[in-house]
Each structure stands twice: as C-alpha cells, then as structure tokens.
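What follows is a short report on a single structure.
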Amino acid sequence: MQNWNAFGSEKGRFYRGNLHNHTTRSDGAFTPEENTARFARAGYDFVAITDHRIYYRGAQEMNGLLVLPGMEADVNRSQPQQCHHLVCIGTSGQGFAHDERYNALPGEYTGPADVQPVIDNLKARDNFVILAHPFWSHTNYSDYGSFTGLDAMEVFNTGCLQEDDTGYSHMAWSEMLYKGHRIWAVATDDNHRDNDMGGGWVQVFAKELSQSAILNALRAGHFYASCGPDIHAMYVEDGRLIVECSSCLRVQVLDQRIGGHTTYELPGGEPVRRVVHPLQEGLKYVRVQCVDAAYKMAWSQPLFLD
Ligand SMILES: [Zn+2]
Ligand SMILES: [Zn+2]
C-alpha cells in the first residue's frame, strides 16, 4: 500500500462552499447579491449559483465570495411520478453561456437510457455533474445505477431534510460504491429561503480560491462533505489510515463488505480526534464517516484500493 493523502500533495488549504444554491434567478427568495452576502456572513469561501434550468456565468466574485458557474437541470416523468435533478458546476471557460436556458428534455423520459444523453451533454459542456437528492426524487439504484459519468452524488441536502425528511442519502451513495461506481459525495443546502442555509457543505482542499483550482480539486476528490464535523487530515502511511478530525462521538472506517466497518469510540463518550486504522488487504475501498455528539456527520471520499 502506497502512501496517500486524501487531499492531494499540493500545498493549500480548505475552502468551505455550497454547491447547490437557488436565487431569484429561479425559485429562490434572495437575489444573488443577497444570497452571497448571507453565505459570506456564515463564513463560506465560495458558492455555486445553480438555479433551475438557467445557467449562471456572471460575476466571479460577489461579497468577497468566489462564485462558481452552474445550473440545476431536471428531467421528469408522471407515471410513476419521478424525476432526476442534475446539479452541474462549471468554470468560466467553455460550456454554457450566462443566462442560457436549458430544458434538458422537452417531454417525459421513459427510462434511464433517456437520461444518460443529458448527463453526457452536461459533461461534454465542461461541467462537474452531481446527482441531487435521490430520495426526494423517488429514485433508487434501479433508476440511476446504470448512469455513467456522474461525478458526485448528494449524501445530504438541507432543503430536502426540511421539506420531507429526505435529506440524508449516504446509504444510496454507499450502495453506488459497493456496486462499483467511483463517485464522490457532496453535502449541500439546496437553499431557497433563509431557513435552509448552512446545513450541509463541502470543504475543498485547493491551492487557491479560484474557479479552476476548486473545480480541479472537486474532480480529483480532494474534499469532504459535512453537516458539522471537520476532517483536518486523512492519509495513509506505512499501511495505516490516519484520520484527524474535530471532536467526534465516533469515527467509522467503512468498506464494501456486509458488516465491513471498524468503529472507533472512547469509553464514556470521550471525544475521538484521531484514528489510526491498519488497512487490510483485498478491500476495494475504504471511506470514513465522522459523527459528532449532536449526531452531525461528515463523509470522506473513498480511498480506492483496487
Ligand atoms: Zn432539485
Ligand atoms: Zn435545487
């Protein structure tokens, strides 16, 4: 087992961001200016503006935040009622134009084969593509397990948690992993108003706060998703996985097997801040889940071992 660092080998730091964000450009309550001011006050470094069916590629900086270009595309069907929402994040290079409207499918889709060309099109137009809120969309593995090209999947969505308790989807992501997909996890707000901001975010390790550096780090998986805990470091040294985090009730190292987990806890609920985990041979991947005393979670990306 080679030495490895979850956040890459370049010098840099973590930048906190929201990758799924609505404004008055679609059905959000706040203008981009108001919205970014709120995230700036909450200590964020960047946001993507991802309104429904309209691409944002306006100002790159607003209220001291880096703004990433983006959009949320959707495809729908009525029988059985279901949809797929695809959050896409770009850079200021090629791809969609500012204010470009995108009706991904003019009619209804009938099955996964109708949706794949939409993903292909978003990817071809230089976007990082996230499968959003699978449970809210009434979808499961049989609906999206054949998709290729997805960069990430939401493991947490604040708006869906508040709307109908479909906010957590890390089990759906876990299923994607143990069935062989290589896909990253993101936590987002999908915020539309003021009561759904700051519940889930990503911490991206990048060399600088620029669109290209953040996108490159997202594509490389040099980030983690969180609703609370911080993962300060995660690396492999001499065949052992080392995780350093904020005070947590438990830290779990999970792999692809049924029951494939090691749970690190301390007697009396003493906080866990560092885990040293010997890596076994023959695993496809390991990933780390941190849970704090308020039962807020953070999810590392998988370290693929095969
Ligand atoms: Zn959506
Ligand atoms: Zn949304």
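Letters A, B, ... go to the chains of the structure tokens in the order shown; residues in each chain start at 1; ligands are counted from 1 in the same order.
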
Find the nearest atom pair between each residue of chain A and ligand 2 for residues within 12 Å, count only C-alpha atoms and all ligand atoms, give distances in Å to one decimal, sort rows by chain and ascending number, and present the table as JSON lines.
{"residue": "A:Asn18", "atom": "CA", "partner": "ligand 2", "partner_atom_place_in_ligand_line": "1 (Zn)", "distance": 11.6}
{"residue": "A:Leu19", "atom": "CA", "partner": "ligand 2", "partner_atom_place_in_ligand_line": "1 (Zn)", "distance": 9.8}
{"residue": "A:His20", "atom": "CA", "partner": "ligand 2", "partner_atom_place_in_ligand_line": "1 (Zn)", "distance": 6.1}
{"residue": "A:Asn21", "atom": "CA", "partner": "ligand 2", "partner_atom_place_in_ligand_line": "1 (Zn)", "distance": 6.5}
{"residue": "A:His22", "atom": "CA", "partner": "ligand 2", "partner_atom_place_in_ligand_line": "1 (Zn)", "distance": 6.4}
{"residue": "A:Thr23", "atom": "CA", "partner": "ligand 2", "partner_atom_place_in_ligand_line": "1 (Zn)", "distance": 10.0}
{"residue": "A:Ser26", "atom": "CA", "partner": "ligand 2", "partner_atom_place_in_ligand_line": "1 (Zn)", "distance": 9.8}
{"residue": "A:Asp27", "atom": "CA", "partner": "ligand 2", "partner_atom_place_in_ligand_line": "1 (Zn)", "distance": 9.2}
{"residue": "A:Gly28", "atom": "CA", "partner": "ligand 2", "partner_atom_place_in_ligand_line": "1 (Zn)", "distance": 9.4}
{"residue": "A:Ala48", "atom": "CA", "partner": "ligand 2", "partner_atom_place_in_ligand_line": "1 (Zn)", "distance": 11.4}
{"residue": "A:Ile49", "atom": "CA", "partner": "ligand 2", "partner_atom_place_in_ligand_line": "1 (Zn)", "distance": 10.1}
{"residue": "A:Thr50", "atom": "CA", "partner": "ligand 2", "partner_atom_place_in_ligand_line": "1 (Zn)", "distance": 7.2}
{"residue": "A:Asp51", "atom": "CA", "partner": "ligand 2", "partner_atom_place_in_ligand_line": "1 (Zn)", "distance": 7.0}
{"residue": "A:His52", "atom": "CA", "partner": "ligand 2", "partner_atom_place_in_ligand_line": "1 (Zn)", "distance": 6.9}
{"residue": "A:Arg53", "atom": "CA", "partner": "ligand 2", "partner_atom_place_in_ligand_line": "1 (Zn)", "distance": 10.3}
{"residue": "A:Ile54", "atom": "CA", "partner": "ligand 2", "partner_atom_place_in_ligand_line": "1 (Zn)", "distance": 11.9}
{"residue": "A:Gly70", "atom": "CA", "partner": "ligand 2", "partner_atom_place_in_ligand_line": "1 (Zn)", "distance": 11.3}
{"residue": "A:Met71", "atom": "CA", "partner": "ligand 2", "partner_atom_place_in_ligand_line": "1 (Zn)", "distance": 8.9}
{"residue": "A:Glu72", "atom": "CA", "partner": "ligand 2", "partner_atom_place_in_ligand_line": "1 (Zn)", "distance": 6.3}
{"residue": "A:Ala73", "atom": "CA", "partner": "ligand 2", "partner_atom_place_in_ligand_line": "1 (Zn)", "distance": 9.0}
{"residue": "A:Asp74", "atom": "CA", "partner": "ligand 2", "partner_atom_place_in_ligand_line": "1 (Zn)", "distance": 9.5}
{"residue": "A:His84", "atom": "CA", "partner": "ligand 2", "partner_atom_place_in_ligand_line": "1 (Zn)", "distance": 11.0}
{"residue": "A:His85", "atom": "CA", "partner": "ligand 2", "partner_atom_place_in_ligand_line": "1 (Zn)", "distance": 7.6}
{"residue": "A:Leu86", "atom": "CA", "partner": "ligand 2", "partner_atom_place_in_ligand_line": "1 (Zn)", "distance": 8.8}
{"residue": "A:Val87", "atom": "CA", "partner": "ligand 2", "partner_atom_place_in_ligand_line": "1 (Zn)", "distance": 7.5}
{"residue": "A:Cys88", "atom": "CA", "partner": "ligand 2", "partner_atom_place_in_ligand_line": "1 (Zn)", "distance": 10.7}
{"residue": "A:Ile130", "atom": "CA", "partner": "ligand 2", "partner_atom_place_in_ligand_line": "1 (Zn)", "distance": 11.0}
{"residue": "A:Leu131", "atom": "CA", "partner": "ligand 2", "partner_atom_place_in_ligand_line": "1 (Zn)", "distance": 10.7}
{"residue": "A:Ala132", "atom": "CA", "partner": "ligand 2", "partner_atom_place_in_ligand_line": "1 (Zn)", "distance": 7.6}
{"residue": "A:His133", "atom": "CA", "partner": "ligand 2", "partner_atom_place_in_ligand_line": "1 (Zn)", "distance": 8.6}
{"residue": "A:Pro134", "atom": "CA", "partner": "ligand 2", "partner_atom_place_in_ligand_line": "1 (Zn)", "distance": 11.8}
{"residue": "A:Trp136", "atom": "CA", "partner": "ligand 2", "partner_atom_place_in_ligand_line": "1 (Zn)", "distance": 10.8}
{"residue": "A:Ser137", "atom": "CA", "partner": "ligand 2", "partner_atom_place_in_ligand_line": "1 (Zn)", "distance": 11.1}
{"residue": "A:Glu154", "atom": "CA", "partner": "ligand 2", "partner_atom_place_in_ligand_line": "1 (Zn)", "distance": 11.1}
{"residue": "A:Asn157", "atom": "CA", "partner": "ligand 2", "partner_atom_place_in_ligand_line": "1 (Zn)", "distance": 9.0}
{"residue": "A:Thr158", "atom": "CA", "partner": "ligand 2", "partner_atom_place_in_ligand_line": "1 (Zn)", "distance": 10.2}
{"residue": "A:Gly159", "atom": "CA", "partner": "ligand 2", "partner_atom_place_in_ligand_line": "1 (Zn)", "distance": 8.1}
{"residue": "A:Cys160", "atom": "CA", "partner": "ligand 2", "partner_atom_place_in_ligand_line": "1 (Zn)", "distance": 9.1}
{"residue": "A:Thr188", "atom": "CA", "partner": "ligand 2", "partner_atom_place_in_ligand_line": "1 (Zn)", "distance": 9.3}
{"residue": "A:Asp189", "atom": "CA", "partner": "ligand 2", "partner_atom_place_in_ligand_line": "1 (Zn)", "distance": 8.4}
{"residue": "A:Asp190", "atom": "CA", "partner": "ligand 2", "partner_atom_place_in_ligand_line": "1 (Zn)", "distance": 4.7}
{"residue": "A:Asn191", "atom": "CA", "partner": "ligand 2", "partner_atom_place_in_ligand_line": "1 (Zn)", "distance": 7.2}
{"residue": "A:His192", "atom": "CA", "partner": "ligand 2", "partner_atom_place_in_ligand_line": "1 (Zn)", "distance": 7.9}
{"residue": "A:Arg193", "atom": "CA", "partner": "ligand 2", "partner_atom_place_in_ligand_line": "1 (Zn)", "distance": 11.7}
{"residue": "A:Asp196", "atom": "CA", "partner": "ligand 2", "partner_atom_place_in_ligand_line": "1 (Zn)", "distance": 11.5}

(message) Considering only helix (DSSP H, G or I) as DSSP defines it on the backbone, what residues of range 86-224 of chain A qualify? List them as a PyMOL selection string.
(response) chain A and resi 112-124+141-144+158-164+170-178+211-220

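Of the residues under consideration (A:Ala40, A:Ile258, A:Cys83, A:Met62), A:Cys83 shows the shortest atom-to-atom contact distance to ligand 1 when counting only C-alpha atoms and all ligand atoms.
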
(request) Could you please write out, as an MDAnalysis selection string, every residue of range 71-133 of chain A that DSSP assigns to strand (DSSP E)? (result) chainID A and resid 71:78 81:89 128:131

(message) My list of candidates is A:Tyr102, A:Tyr44, A:Trp184, A:Phe30. Which is closest to Tyr56 in chain A when distances are computed with only C-alpha atoms?
(response) A:Tyr102

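Summary of the local environment: counting only C-alpha atoms, residues at most 7 Å from range 121-126 of chain A, other than itself and those fewer than 3 positions away along its chain, are Gly90, Gln94, Gly95, Phe96, Pro117, Val118 and Val129 of chain A.
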
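Neighbouring residues of Asn216 in chain A at 10 Å or closer, counting only C-alpha atoms and skipping chain neighbours under 6 positions away, are Phe128, Val204, Ala206, Ser210 and His222 of chain A.
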
Residues just named, written with C-alpha atoms as a PDB file, in the first residue's frame:
ATOM      1  CA  PHE A 128     -18.953  18.651 -12.814  1.00  0.00           C
ATOM      2  CA  VAL A 204     -12.407  21.626  -0.633  1.00  0.00           C
ATOM      3  CA  ALA A 206      -7.189  23.639  -3.024  1.00  0.00           C
ATOM      4  CA  SER A 210     -10.186  30.247  -7.916  1.00  0.00           C
ATOM      5  CA  HIS A 222      -9.723  16.449  -2.717  1.00  0.00           C
TER       6      HIS A 222
END

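The interatomic distance for the pair CA of Lys284 in chain A and CA of Gly259 in chain A works out to 14.3 Å.
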
(message) Between CA of Met176 in chain A and CA of Ala233 in chain A, what is the distance in Å, rounded to a tenth?
(response) 24.8 Å

(request) Might you pull out every residue within 10 Å of Asp45 in chain A, with only C-alpha atoms counted and same-chain residues fewer than 6 positions away left off, and present them as an NGL selection string? (result) :A and (14-18 or 36 or 39 or 64-67 or 203-204 or 209)

(request) Report the distance between CA of Asp194 in chain A and CA of Val47 in chain A in Å, rounded to one decimal place. (result) 15.3 Å

(message) From the options A:Lys207, A:Arg287, A:His170, A:His98, which residue's atoms come nearest to Ala6 in chain A, counting only C-alpha atoms?
(response)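 Distance minimum relative to Ala6 in chain A lands on A:Arg287.
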
(message) Env of Ala294 in chain A: 12 Å cut, atoms = only C-alpha atoms, seq-sep filter 6 positions within chain, self excluded. Answer as a VMD selection string.
(response) chain A and resid 227 to 229 247 to 250

How would the residues just chosen look if you wrote them out with N, CA and C atoms as a PDB file, in the first residue's frame?
ATOM      1  N   CYS A 227     -21.928  18.047   7.600  1.00  0.00           N
ATOM      2  CA  CYS A 227     -23.020  18.795   8.255  1.00  0.00           C
ATOM      3  C   CYS A 227     -22.545  19.353   9.580  1.00  0.00           C
ATOM      4  N   GLY A 228     -21.294  19.125   9.933  1.00  0.00           N
ATOM      5  CA  GLY A 228     -20.800  19.589  11.225  1.00  0.00           C
ATOM      6  C   GLY A 228     -19.323  19.305  11.449  1.00  0.00           C
ATOM      7  N   PRO A 229     -18.941  18.021  11.560  1.00  0.00           N
ATOM      8  CA  PRO A 229     -17.541  17.713  11.887  1.00  0.00           C
ATOM      9  C   PRO A 229     -16.550  18.196  10.821  1.00  0.00           C
ATOM     10  N   SER A 247     -13.727  17.101  17.394  1.00  0.00           N
ATOM     11  CA  SER A 247     -14.208  16.166  18.415  1.00  0.00           C
ATOM     12  C   SER A 247     -15.448  15.426  17.941  1.00  0.00           C
ATOM     13  N   CYS A 248     -15.347  14.098  17.909  1.00  0.00           N
ATOM     14  CA  CYS A 248     -16.458  13.279  17.428  1.00  0.00           C
ATOM     15  C   CYS A 248     -16.794  12.188  18.433  1.00  0.00           C
ATOM     16  N   LEU A 249     -18.047  11.787  18.396  1.00  0.00           N
ATOM     17  CA  LEU A 249     -18.501  10.679  19.229  1.00  0.00           C
ATOM     18  C   LEU A 249     -17.951   9.364  18.681  1.00  0.00           C
ATOM     19  N   ARG A 250     -17.945   9.272  17.364  1.00  0.00           N
ATOM     20  CA  ARG A 250     -17.396   8.071  16.743  1.00  0.00           C
ATOM     21  C   ARG A 250     -16.871   8.388  15.352  1.00  0.00           C
TER      22      ARG A 250
END

(request) Write out as a ChimeraX atom specification which residues come within 10 Å of Leu241 in chain A when counting only C-alpha atoms, dropping same-chain ones fewer than 6 positions away. (result) /A:3-5,234-235,253,275-279,286,288,303

(request) Counting only C-alpha atoms, figure out which residue out of A:Met197, A:Leu215, A:Ala220, A:Ala187 gets nearest to Gly93 in chain A. (result) A:Leu215
